[in-house]
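Student: This is the structure, below, for whatever I ask next.
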Amino acid sequence: MPDAPTTTVSVEAVGAAWIDGTLYLRTITRWSAAPADAPAAAPTQIVLRERDGDRTIVVPTVGDLRAVNVTDDDGAVAIQTESRLDPRRATKGAWLPEAVWDVRARTRGPAGTVTVPVATTVGAGRPALVAGRQLVAYRNQKGHLSVDSGGSLRSAVNDSRPRLGGVTVEATDGAARQVTATIPLDGVHVHGRGTLVGVATADPVGRSLGRRAVDAALRRVAPPSPPKGTARLTATREDVTLSFDVALRPGRWRVVLQFAGTAKPSPFFLTVPRSGPATVDVAEADGRATEPDVSVVVTGDDGDALRDAVGSALDQSLSPQRVDVIVVPGPAGHEAAAWLRELAASDRRVRVATPPSPGAAAARNAGLDLARGRHVTFVDGDDRLTPHALEKLTEAADAAAADVVLGTVLGITRRRAMPKAFTATVLDADVVDQRLYDTFTPHQLFRRSLLAEHGIRFVEDVADTESGALFAAEATFRAKRLVTLADAVYYERFVTGEVTPEDVAPAQKAEGVLRVAEEIARHVEPGPRRDAIMRRPAAALMDMASALSGMDEAELDALATSVGERFGPYWTTTVRAGQAGRRALLLDTLLSGDGAAIADLLAVAGPDGTGLVAVADGAPPRFDVPASVHRVVEDDRLFVPASAVKHLLTALDVHDGVANVTGWVGASGLLRAPDGVRATLLLRGAEEGVPAIDLPVALDAPPAHVPDDATGFTLRIDPATLTAPGRWDLYVAPIWSGHALPGVRFGSRRPTHVDEVSVDVTGRPLGSPDTVLYATAGYGNLSVSHQDFLRSGSVDVIRLAVDEDGRPEVVLSTDRQDDLLRFDADVTPAGGREAPHRLPWRRLPGSDGQEVAVRLPVPTHGELRCVLSAAHKDVLAEVRLPDDPPKLRAGQVVARLADGAFFVSRPSEKEPA
């Protein structure tokens, strides 16, 4: 009887990435002849074993473990497991001790539980900087995964390449010439700063057959030692420089560098003649085909802007052989052809494609056809990738086995850049929970095999915007896993400061929007989730409808009929409730299919919609529409909704524990000034048994900056009237002839008038410390926390500093010791106004937790203005500025504090720093 096969167990880390200070590991455990119950066994448990000690730490997890059965090609059984190491809570809530840790895995073996090393071909790329402590996950000399939490691994040279323009080589005379070289390196991951000392040896290259035969005979008699010398790797914030000296005979040599016990051939050759200067040249690839990690497809018409976009794709921290750049210039980009040809000839990463037809969709498809990377992303000619974007996106994709990864997008003009999707890093992102339907653009990282499997391409017969939305929507719905990264800015849009509107016929625009809606309906069942996602195509149809003036009546009838038949089933009450009144009424009329009615409404509303007004004649306020619209739109859809209400907080005063809140409210541009104002406090999340509290309101003479059709008021909040503990939200409602519109949250930080008044809305006690009036961190709406454990507070700006990656930080002091702090910035690039951006922060060591560092966004060019806000447990805190505004220069980045805002810039070479 033959012996039973011996079961072997191996564990491999196939993905590793530091994300927001946590190490995400994806491992696969394989049994060569697995026990029958192996696939049903508990997921593999990751442990850390101290390299030179006896400590073992079981890796705690953050969130859910995910175990996925995998069947290998050879029939072996495998289980995929995800683990998450948070070094801040590694041992019963305490920090991971400083040491070198070998990563091990506990799993079921042939005779019970076994512990095996975790093999890997990848490391976690860039080191993590967690609360000022540097941690590195790396592949050790045995090919296994290790974690250095003590800073002993000073530097790792991976995928380096020499910067030939800065090379200096000196060689003494003689039979064996002493060669000293200093070579700046690019593509090096720097872990720490300072000088790392190692060994330099040299191997001969390209010797003749006769010379090699003589050398072989000599080696049999007396094996020689290779030439050996000293190597030094010096790392600063801006540069990495290699220097070495070694005695060499004349010839061509490949220098081998050994640091921290790891030897690797250098990325260059050294030619030493019998006399004269020695020279350095780049080592060519060995000719083996390698699959890049990312293909970047860059499209655009603007020659100068396109050059910068291509440069941002090439100037990445990801090593050069892992990046593939396909440039597809548009019809207007012929002036760029010369420099593109030169670039493609000098840089093997760059290829140029010609689209078969005009349009962004055809250009993107042409680039997609040439893509070779495991992942692909798309960059427009007036956009930029930030320097670490590709490296961090691919690390996250591999660590989480994600099909689509989205990194934070920064808008450089007035157009918003989907801030809702990037309020937090999420490794199991949901289309609705993270509002990914706002991010249906191709400016994401897509797994290319997903696109190939489902035949996902850009549709070329619709408007470019909708073509990109269709592409991203199908990829998002087909993806098995989605990741959003909010730890830094990855993509900058519209850096030229201009947005050129699409010149597209309404029918073509509508066709694209309708296809997006149908794609959503194909993947999402009817209900709240579908309604949430349908708001995107609904908004696009409303934008399109406002531009239909002047269309031929027959064309308008045909368009209205098509839109009504295809989008009507998706225009539910829930979808409509999220739209502004005038725009919703416009789409109501278009969906009726009556071209004459939509033409009449557009004639009244005008090109910007402001001609459409409402009436308040003793009945609830309603839109004043033509009779043709009355016939096709239901009466209850003519009432003015709460979204029409405009309001502004103009003053806030707390005296003797009572708050006096002053502002104005109205339906500006739609109705005359209100006759009165109703103000109420509603207990958040309360049962019906807790009634609203009506507040006393006095109408004021409107200040000079208040619109003519608004009414000024002052309301009074007395904490003695609060009837239950909890958070009470403030609502105001304008009144006309005894009829009030639905109440709206009051005090929003989003300005509604050009003469915005700056009001201090940081938390303030009302009467006692356990009752606080505050503005919510997200939107600045006023609320009262009553016996709900919220406290007011402040933070102090101390200085500007630089993190380990050379990015500027604001160092602040705070007495809050938990993780419930939040920092946002109102970013104003190119004169535009952006929604608040959530900023990453960390506690600084050696300050007893009193100091935190908040990372500022950095532009790829130009200047950003950032107004910082702080909050604790949703309560805005006062940010106190120093008397002497700090300034900082770090490499090519300048940061300064002036006029209450932080300015971050990259000066051009012509500008003084």
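Each chain in the structure tokens gets a letter, A, B, ..., in the order shown, and its residues are numbered from 1; ligands are numbered from 1 in order too.
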Using only C-alpha atoms, determine which residues lie at most 9 Å from Asp788 in chain A, disregarding the query and same-chain residues fewer than 3 positions distant; provide the list as a list of chain:residue names.

Tutor: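 The residues that qualify are A:Pro725, A:Gly726, A:Arg727, A:Asp770, A:Thr771, A:Ser785, A:Arg791.
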
Student: Those same residues, written as a PDB file, in the first residue's frame with N, CA and C atoms?

Tutor:
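part_28.pdb written:
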```pdb
ATOM      1  N   PRO A 725     -31.621  65.171  27.735  1.00  0.00           N
ATOM      2  CA  PRO A 725     -30.208  65.176  27.334  1.00  0.00           C
ATOM      3  C   PRO A 725     -30.064  64.699  25.886  1.00  0.00           C
ATOM      4  N   GLY A 726     -29.017  65.152  25.237  1.00  0.00           N
ATOM      5  CA  GLY A 726     -28.767  64.763  23.854  1.00  0.00           C
ATOM      6  C   GLY A 726     -28.302  65.945  23.039  1.00  0.00           C
ATOM      7  N   ARG A 727     -28.352  65.805  21.730  1.00  0.00           N
ATOM      8  CA  ARG A 727     -27.909  66.864  20.826  1.00  0.00           C
ATOM      9  C   ARG A 727     -29.131  67.445  20.121  1.00  0.00           C
ATOM     10  N   ASP A 770     -21.679  71.349  30.864  1.00  0.00           N
ATOM     11  CA  ASP A 770     -22.250  70.199  30.173  1.00  0.00           C
ATOM     12  C   ASP A 770     -23.292  70.579  29.131  1.00  0.00           C
ATOM     13  N   THR A 771     -23.450  71.877  28.845  1.00  0.00           N
ATOM     14  CA  THR A 771     -24.316  72.326  27.758  1.00  0.00           C
ATOM     15  C   THR A 771     -23.490  73.235  26.857  1.00  0.00           C
ATOM     16  N   SER A 785     -25.293  70.639  22.526  1.00  0.00           N
ATOM     17  CA  SER A 785     -25.068  69.380  23.222  1.00  0.00           C
ATOM     18  C   SER A 785     -25.435  69.587  24.685  1.00  0.00           C
ATOM     19  N   ARG A 791     -17.484  68.874  24.877  1.00  0.00           N
ATOM     20  CA  ARG A 791     -16.844  70.008  25.545  1.00  0.00           C
ATOM     21  C   ARG A 791     -16.282  70.955  24.487  1.00  0.00           C
TER      22      ARG A 791
END
```

Student: What's around Val462 in chain A at 10 Å? Count only C-alpha atoms, leave out sequence neighbours fewer than 3 positions away in its own chain, and write the answer as a PyMOL selection string.

Tutor: chain A and resi 359+361+458-459+465-468+470+504-505+507-513+515

Student: Write out as a ChimeraX atom specification all residues of range 520-689 of chain A that backbone DSSP assigns to helix (DSSP H, G or I).

Tutor: /A:520-523,528-545,553-570,573-577,581-591,595-605,627-632,635-637,642-644

Student: So how many Å separate CA of Gly198 in chain A and CA of Phe244 in chain A, to one decimal?

Tutor: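 So the answer is 9.1 Å.
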
Student: Which neighbours of Arg177 in chain A fall inside 10 Å, counting only C-alpha atoms, when residues of the same chain fewer than 3 positions from it are skipped, and could you give them as an MDAnalysis selection string?

Tutor: chainID A and resid 170:174 180 246:250 272:275 278

Student: Kindly export the residues of the current selection with N, CA, C and O atoms, as a compact mmCIF listing (two decimals), in the first residue's frame.

Tutor:
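This is the output file out32.txt:
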```txt
# COMPACT_ATOMS: atom_id res chain seq x y z
N GLU A 170 36.75 59.76 -10.21
CA GLU A 170 38.19 60.05 -10.21
C GLU A 170 38.93 58.72 -10.16
O GLU A 170 38.50 57.79 -9.46
N ALA A 171 40.06 58.61 -10.88
CA ALA A 171 40.84 57.37 -10.91
C ALA A 171 42.33 57.70 -10.87
O ALA A 171 42.80 58.55 -11.65
N THR A 172 43.06 57.05 -9.97
CA THR A 172 44.51 57.24 -9.90
C THR A 172 45.18 56.47 -11.02
O THR A 172 44.59 55.61 -11.67
N ASP A 173 46.46 56.78 -11.29
CA ASP A 173 47.21 56.06 -12.31
C ASP A 173 47.80 54.78 -11.72
O ASP A 173 47.96 54.64 -10.51
N GLY A 174 48.13 53.83 -12.59
CA GLY A 174 48.76 52.60 -12.14
C GLY A 174 48.09 51.40 -12.76
O GLY A 174 47.06 51.48 -13.43
N THR A 180 37.29 56.36 -7.37
CA THR A 180 36.36 56.95 -6.40
C THR A 180 35.22 57.60 -7.18
O THR A 180 35.47 58.40 -8.09
N VAL A 246 37.16 51.79 -4.90
CA VAL A 246 37.60 50.41 -5.08
C VAL A 246 38.76 50.41 -6.08
O VAL A 246 38.80 51.22 -7.00
N ALA A 247 39.71 49.52 -5.88
CA ALA A 247 40.86 49.40 -6.79
C ALA A 247 40.52 48.44 -7.92
O ALA A 247 40.13 47.28 -7.67
N LEU A 248 40.63 48.89 -9.18
CA LEU A 248 40.23 48.09 -10.33
C LEU A 248 41.30 48.12 -11.42
O LEU A 248 41.92 49.15 -11.65
N ARG A 249 41.46 46.97 -12.10
CA ARG A 249 42.30 46.93 -13.28
C ARG A 249 41.53 47.54 -14.44
O ARG A 249 40.30 47.63 -14.40
N PRO A 250 42.21 47.94 -15.50
CA PRO A 250 41.49 48.46 -16.67
C PRO A 250 40.49 47.43 -17.19
O PRO A 250 40.76 46.23 -17.22
N VAL A 272 36.94 51.48 -16.90
CA VAL A 272 38.23 51.99 -16.43
C VAL A 272 39.25 51.78 -17.54
O VAL A 272 39.67 50.63 -17.81
N PRO A 273 39.68 52.83 -18.22
CA PRO A 273 40.70 52.67 -19.27
C PRO A 273 42.10 52.56 -18.65
O PRO A 273 42.27 52.75 -17.44
N ARG A 274 43.10 52.25 -19.47
CA ARG A 274 44.47 52.17 -18.95
C ARG A 274 44.97 53.53 -18.49
O ARG A 274 45.78 53.63 -17.58
N SER A 275 44.45 54.57 -19.14
CA SER A 275 44.80 55.93 -18.71
C SER A 275 43.62 56.83 -19.07
O SER A 275 42.75 56.47 -19.88
N ALA A 278 37.84 57.58 -15.93
CA ALA A 278 36.87 56.48 -15.90
C ALA A 278 35.47 57.05 -16.13
O ALA A 278 35.20 58.22 -15.86
```

Student: Could you pull the residues within 9 Å of Pro537 in chain A, counting only C-alpha atoms, minus those fewer than 5 positions along the same chain, as a count of residues only?

Tutor: 5

Student: For a quick check of understanding, using only C-alpha atoms, which of A:Asp543, A:Leu601, A:Glu555, A:Pro765 has the smallest distance to Arg583 in chain A?

Tutor: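 Under the stated criterion, the closest residue is A:Asp543.
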
Student: Could you give me, as a PyMOL selection string, each residue of range 222-404 of chain A that DSSP assigns to strand (DSSP E) when run on this structure's backbone?

Tutor: chain A and resi 228-235+240-248+251-259+262-272+279-282+294-300+323-329+350-352+375-380+384-385+404

Student: For range 616-627 of chain A, list every protein, DNA or RNA residue within 10 Å, evaluated using only C-alpha atoms, and leave out those in the same chain fewer than 2 positions away; present the list as a ChimeraX atom specification.

Tutor: /A:581-582,585,597-598,600-601,603-605,612-614,629-632,635-641,670-672,674,735-741

Student: Could those residues be written to a file, using N, CA, C and O atoms, as a tab-separated table (two decimals), in the first residue's frame?

Tutor:
```tsv
chain	number	residue	atom	x	y	z
A	581	GLY	N	-35.41	73.00	-6.24
A	581	GLY	CA	-36.77	73.17	-6.73
A	581	GLY	C	-36.89	73.50	-8.20
A	581	GLY	O	-37.61	72.82	-8.95
A	582	ARG	N	-36.22	74.55	-8.67
A	582	ARG	CA	-36.33	74.94	-10.07
A	582	ARG	C	-35.85	73.82	-10.99
A	582	ARG	O	-36.48	73.50	-11.99
A	585	LEU	N	-38.28	70.87	-11.10
A	585	LEU	CA	-39.47	71.18	-11.90
A	585	LEU	C	-39.13	71.13	-13.39
A	585	LEU	O	-39.95	70.68	-14.21
A	597	ALA	N	-44.47	72.05	-23.57
A	597	ALA	CA	-44.45	72.48	-22.17
A	597	ALA	C	-43.03	72.84	-21.73
A	597	ALA	O	-42.81	73.85	-21.06
A	598	ILE	N	-42.05	72.04	-22.11
A	598	ILE	CA	-40.68	72.35	-21.72
A	598	ILE	C	-40.21	73.62	-22.41
A	598	ILE	O	-39.49	74.44	-21.82
A	600	ASP	N	-42.14	76.19	-23.22
A	600	ASP	CA	-42.79	77.30	-22.51
A	600	ASP	C	-42.09	77.59	-21.19
A	600	ASP	O	-41.89	78.76	-20.81
A	601	LEU	N	-41.72	76.54	-20.47
A	601	LEU	CA	-41.07	76.73	-19.17
A	601	LEU	C	-39.69	77.36	-19.35
A	601	LEU	O	-39.30	78.26	-18.59
A	603	ALA	N	-38.80	79.30	-21.75
A	603	ALA	CA	-39.00	80.70	-22.16
A	603	ALA	C	-39.21	81.59	-20.95
A	603	ALA	O	-38.77	82.74	-20.92
A	604	VAL	N	-39.90	81.07	-19.92
A	604	VAL	CA	-40.14	81.84	-18.71
A	604	VAL	C	-38.89	81.87	-17.83
A	604	VAL	O	-38.49	82.91	-17.29
A	605	ALA	N	-38.25	80.71	-17.67
A	605	ALA	CA	-37.13	80.60	-16.73
A	605	ALA	C	-35.88	81.31	-17.23
A	605	ALA	O	-35.08	81.82	-16.43
A	612	LEU	N	-37.83	82.05	-13.46
A	612	LEU	CA	-38.92	81.29	-12.84
A	612	LEU	C	-39.04	81.72	-11.38
A	612	LEU	O	-38.11	81.53	-10.58
A	613	VAL	N	-40.16	82.30	-11.00
A	613	VAL	CA	-40.38	82.78	-9.63
A	613	VAL	C	-41.56	82.04	-9.03
A	613	VAL	O	-42.21	81.22	-9.68
A	614	ALA	N	-41.82	82.34	-7.74
A	614	ALA	CA	-42.92	81.71	-7.02
A	614	ALA	C	-43.85	82.77	-6.49
A	614	ALA	O	-43.52	83.97	-6.44
A	629	VAL	N	-47.48	73.83	-18.47
A	629	VAL	CA	-46.77	73.05	-17.44
A	629	VAL	C	-47.76	72.55	-16.40
A	629	VAL	O	-47.66	71.41	-15.92
A	630	HIS	N	-48.77	73.38	-16.05
A	630	HIS	CA	-49.81	72.95	-15.12
A	630	HIS	C	-50.48	71.67	-15.60
A	630	HIS	O	-50.85	70.80	-14.80
A	631	ARG	N	-50.64	71.55	-16.90
A	631	ARG	CA	-51.37	70.40	-17.44
A	631	ARG	C	-50.57	69.10	-17.32
A	631	ARG	O	-51.16	68.02	-17.22
A	632	VAL	N	-49.26	69.17	-17.33
A	632	VAL	CA	-48.46	67.94	-17.39
A	632	VAL	C	-47.71	67.62	-16.10
A	632	VAL	O	-47.17	66.52	-15.96
A	635	ASP	N	-49.77	68.84	-9.20
A	635	ASP	CA	-49.81	70.06	-8.38
A	635	ASP	C	-48.82	70.01	-7.22
A	635	ASP	O	-48.20	71.03	-6.88
A	636	ASP	N	-48.68	68.84	-6.58
A	636	ASP	CA	-47.82	68.80	-5.41
A	636	ASP	C	-46.34	68.98	-5.76
A	636	ASP	O	-45.50	69.18	-4.88
A	637	ARG	N	-46.00	68.93	-7.05
A	637	ARG	CA	-44.62	69.16	-7.46
A	637	ARG	C	-44.36	70.62	-7.81
A	637	ARG	O	-43.24	70.97	-8.18
A	638	LEU	N	-45.39	71.46	-7.68
A	638	LEU	CA	-45.23	72.89	-7.93
A	638	LEU	C	-44.92	73.67	-6.66
A	638	LEU	O	-44.59	74.85	-6.72
A	639	PHE	N	-45.05	73.03	-5.48
A	639	PHE	CA	-44.75	73.72	-4.23
A	639	PHE	C	-43.25	73.97	-4.09
A	639	PHE	O	-42.42	73.13	-4.49
A	640	VAL	N	-42.90	75.10	-3.52
A	640	VAL	CA	-41.50	75.46	-3.32
A	640	VAL	C	-40.90	74.56	-2.23
A	640	VAL	O	-41.45	74.50	-1.12
A	641	PRO	N	-39.80	73.85	-2.48
A	641	PRO	CA	-39.22	72.94	-1.49
A	641	PRO	C	-38.27	73.67	-0.53
A	641	PRO	O	-37.89	74.83	-0.75
A	670	LEU	N	-36.53	84.16	-5.64
A	670	LEU	CA	-37.70	83.33	-5.93
A	670	LEU	C	-38.98	83.93	-5.36
A	670	LEU	O	-40.02	83.95	-6.02
A	671	LEU	N	-38.90	84.43	-4.12
A	671	LEU	CA	-40.07	84.99	-3.43
A	671	LEU	C	-39.68	86.31	-2.79
A	671	LEU	O	-38.50	86.60	-2.56
A	672	ARG	N	-40.68	87.10	-2.46
A	672	ARG	CA	-40.43	88.33	-1.72
A	672	ARG	C	-39.93	88.00	-0.33
A	672	ARG	O	-39.90	86.83	0.08
A	674	PRO	N	-39.69	87.16	3.48
A	674	PRO	CA	-40.66	86.49	4.34
A	674	PRO	C	-41.32	87.45	5.33
A	674	PRO	O	-40.73	88.46	5.74
A	735	ILE	N	-41.55	82.27	6.66
A	735	ILE	CA	-43.01	82.22	6.64
A	735	ILE	C	-43.53	83.30	5.71
A	735	ILE	O	-43.10	84.46	5.77
A	736	TRP	N	-44.50	82.93	4.86
A	736	TRP	CA	-45.20	83.89	4.00
A	736	TRP	C	-46.71	83.71	4.23
A	736	TRP	O	-47.23	82.59	4.08
A	737	SER	N	-47.38	84.77	4.62
A	737	SER	CA	-48.84	84.76	4.81
A	737	SER	C	-49.29	83.58	5.66
A	737	SER	O	-50.29	82.90	5.36
A	738	GLY	N	-48.54	83.30	6.71
A	738	GLY	CA	-48.90	82.22	7.62
A	738	GLY	C	-48.47	80.85	7.17
A	738	GLY	O	-48.69	79.87	7.90
A	739	HIS	N	-47.88	80.72	6.00
A	739	HIS	CA	-47.44	79.41	5.49
A	739	HIS	C	-45.91	79.35	5.50
A	739	HIS	O	-45.25	80.19	4.87
A	740	ALA	N	-45.38	78.36	6.21
A	740	ALA	CA	-43.93	78.22	6.34
A	740	ALA	C	-43.42	77.13	5.40
A	740	ALA	O	-44.09	76.11	5.18
A	741	LEU	N	-42.24	77.36	4.87
A	741	LEU	CA	-41.55	76.29	4.16
A	741	LEU	C	-40.97	75.31	5.18
A	741	LEU	O	-40.82	75.65	6.36
```

Student: Using only C-alpha atoms, which residue out of A:Leu888, A:Leu85, A:Leu145, A:Leu445 lies closest to Glu12 in chain A?

Tutor: A:Leu145

Student: Find, counting only C-alpha atoms, the residue in A:Val167, A:Val100, A:Leu881, A:Leu695 that gets nearest to Ser149 in chain A.

Tutor: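 Using only C-alpha atoms, the shortest distance to Ser149 in chain A belongs to A:Val100.
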
Student: So, with only C-alpha atoms as the atoms that count, which of A:Ala545, A:Ala105, A:Ala78, A:Ala137 lies closest to Thr44 in chain A?

Tutor: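 The closest residue to Thr44 in chain A is A:Ala105.
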
Student: Determine the nearest neighbour of Leu876 in chain A from the options A:Leu306, A:Val294, A:Leu773, A:Ala473, counting only C-alpha atoms.

Tutor: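 Smallest distance to Leu876 in chain A is found for A:Leu773.
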
Student: Taking into account only C-alpha atoms, which residue in the set A:Ala644, A:Val297, A:Leu370, A:Ala202 is nearest to Lys264 in chain A?

Tutor: A:Ala202
